[in-house]
Amino acid sequence: MIIGQPGSGKSTLARALGQITDLPVIHIDQILWQTGWIQRSRPEIDALCLEAHARPCWIFEGGHSSTWAQRLERCDTLIWLDVPLARRLYRVLLRTLRHHGRTRPDLTPGCHEHFDTEFLVWMWNTRNSAREKMRRLYETAPADKALYRFTRFAEVDRFLDDARNRVATS
């Protein structure tokens, strides 16, 4: 289970872990959004998340905190990407430029990347409240969960290197 605010690298980490482990990757944005950036209803999102959680194994990246408890119950590892706002804003702008007019790999087909001032304002407005929710989830996770909190991308890189080495020697 990978959590973090927009631009923290959740999708990138999930894809990398999926390649290393051969586990299926679930992106919350593919659950949230239908073609053309049409958001599903909350009950539909909840149902799709719970259906995804019920699969035998997965790497699930993203938010939708109303189903975090069920996701946390099913996962063995919780990774929190607690990256500073300035770095996240920079990464969101970079990905917008890189994928502009096209669909990113972690989005529903037909959700073309575009510059979205409203999204940047939302990132700013939720920077503290969303982080606090994630902090509470992380700090109250059951003792049987492997917990990782990364504040720098170099830490994520080391974690991925370690995962590659573990898989190579197993």
# chains A, B, ... in the order shown; residues from 1 in each chain; ligands from 1
call {"tool": "residues_around", "arguments": {"residues": "Thr108 of chain A", "least_positions_apart": "2", "cutoff": "9 Å", "atoms": "only C-alpha atoms", "output": "VMD selection string"}}
result
chain A and resid 29 to 37 103 to 106 110 to 112
call {"tool": "select_by_dssp", "arguments": {"residues": "segment 5-134 of chain A", "states": "strand (DSSP E or B)", "output": "ChimeraX atom specification"}}
result
/A:25-27,33-34,38-39,59-61,77-81,100,113
call {"tool": "write_last_selection", "arguments": {"atoms": "N, CA and C atoms", "output": "compact mmCIF listing (two decimals), in the first residue's frame"}}
result
# COMPACT_ATOMS: atom_id res chain seq x y z
N VAL A 25 -0.24 -4.02 -10.28
CA VAL A 25 -0.28 -2.66 -9.73
C VAL A 25 -1.67 -2.07 -9.97
N ILE A 26 -2.23 -1.51 -8.92
CA ILE A 26 -3.54 -0.84 -8.99
C ILE A 26 -3.30 0.64 -8.74
N HIS A 27 -3.74 1.47 -9.69
CA HIS A 27 -3.61 2.92 -9.57
C HIS A 27 -4.97 3.50 -9.21
N TRP A 33 -11.32 7.88 -12.07
CA TRP A 33 -11.66 8.61 -13.29
C TRP A 33 -12.12 7.70 -14.41
N GLN A 34 -13.16 8.15 -15.08
CA GLN A 34 -13.60 7.55 -16.33
C GLN A 34 -13.05 8.40 -17.48
N ILE A 38 -14.08 12.23 -16.12
CA ILE A 38 -15.38 12.17 -15.44
C ILE A 38 -15.19 11.31 -14.20
N GLN A 39 -15.43 11.93 -13.03
CA GLN A 39 -15.20 11.20 -11.78
C GLN A 39 -16.38 10.28 -11.47
N ILE A 59 -0.13 -4.34 -5.54
CA ILE A 59 0.52 -3.10 -5.09
C ILE A 59 -0.52 -2.02 -5.40
N PHE A 60 -1.03 -1.37 -4.39
CA PHE A 60 -2.10 -0.39 -4.58
C PHE A 60 -1.53 0.97 -4.22
N GLU A 61 -1.54 1.87 -5.20
CA GLU A 61 -1.01 3.21 -4.94
C GLU A 61 -2.13 4.23 -5.03
N THR A 77 2.58 -4.29 3.71
CA THR A 77 3.54 -3.19 3.74
C THR A 77 2.82 -1.88 3.47
N LEU A 78 3.16 -0.86 4.24
CA LEU A 78 2.64 0.49 4.03
C LEU A 78 3.84 1.40 3.76
N ILE A 79 3.80 2.05 2.60
CA ILE A 79 4.85 2.99 2.24
C ILE A 79 4.22 4.38 2.13
N TRP A 80 4.77 5.32 2.90
CA TRP A 80 4.30 6.69 2.88
C TRP A 80 5.38 7.56 2.24
N LEU A 81 5.04 8.16 1.11
CA LEU A 81 5.94 9.10 0.44
C LEU A 81 5.60 10.49 0.95
N HIS A 100 1.69 16.11 -21.68
CA HIS A 100 0.64 17.03 -22.13
C HIS A 100 -0.06 16.53 -23.39
N GLU A 113 -3.47 14.46 -20.16
CA GLU A 113 -2.78 15.37 -19.25
C GLU A 113 -2.92 16.80 -19.76
call {"tool": "closest_residue", "arguments": {"among": "A:Thr21, A:Arg40, A:Val83, A:Ile3", "to": "Ser170 of chain A", "atoms": "only C-alpha atoms"}}
result
A:Thr21
call {"tool": "closest_residue", "arguments": {"among": "A:Arg74, A:Leu85, A:Leu48, A:Gly9", "to": "Asn128 of chain A", "atoms": "only C-alpha atoms"}}
result
A:Leu85
call {"tool": "closest_residue", "arguments": {"among": "A:Leu89, A:Met123, A:Ala130, A:Ala52", "to": "Cys75 of chain A", "atoms": "only C-alpha atoms"}}
result
A:Ala52
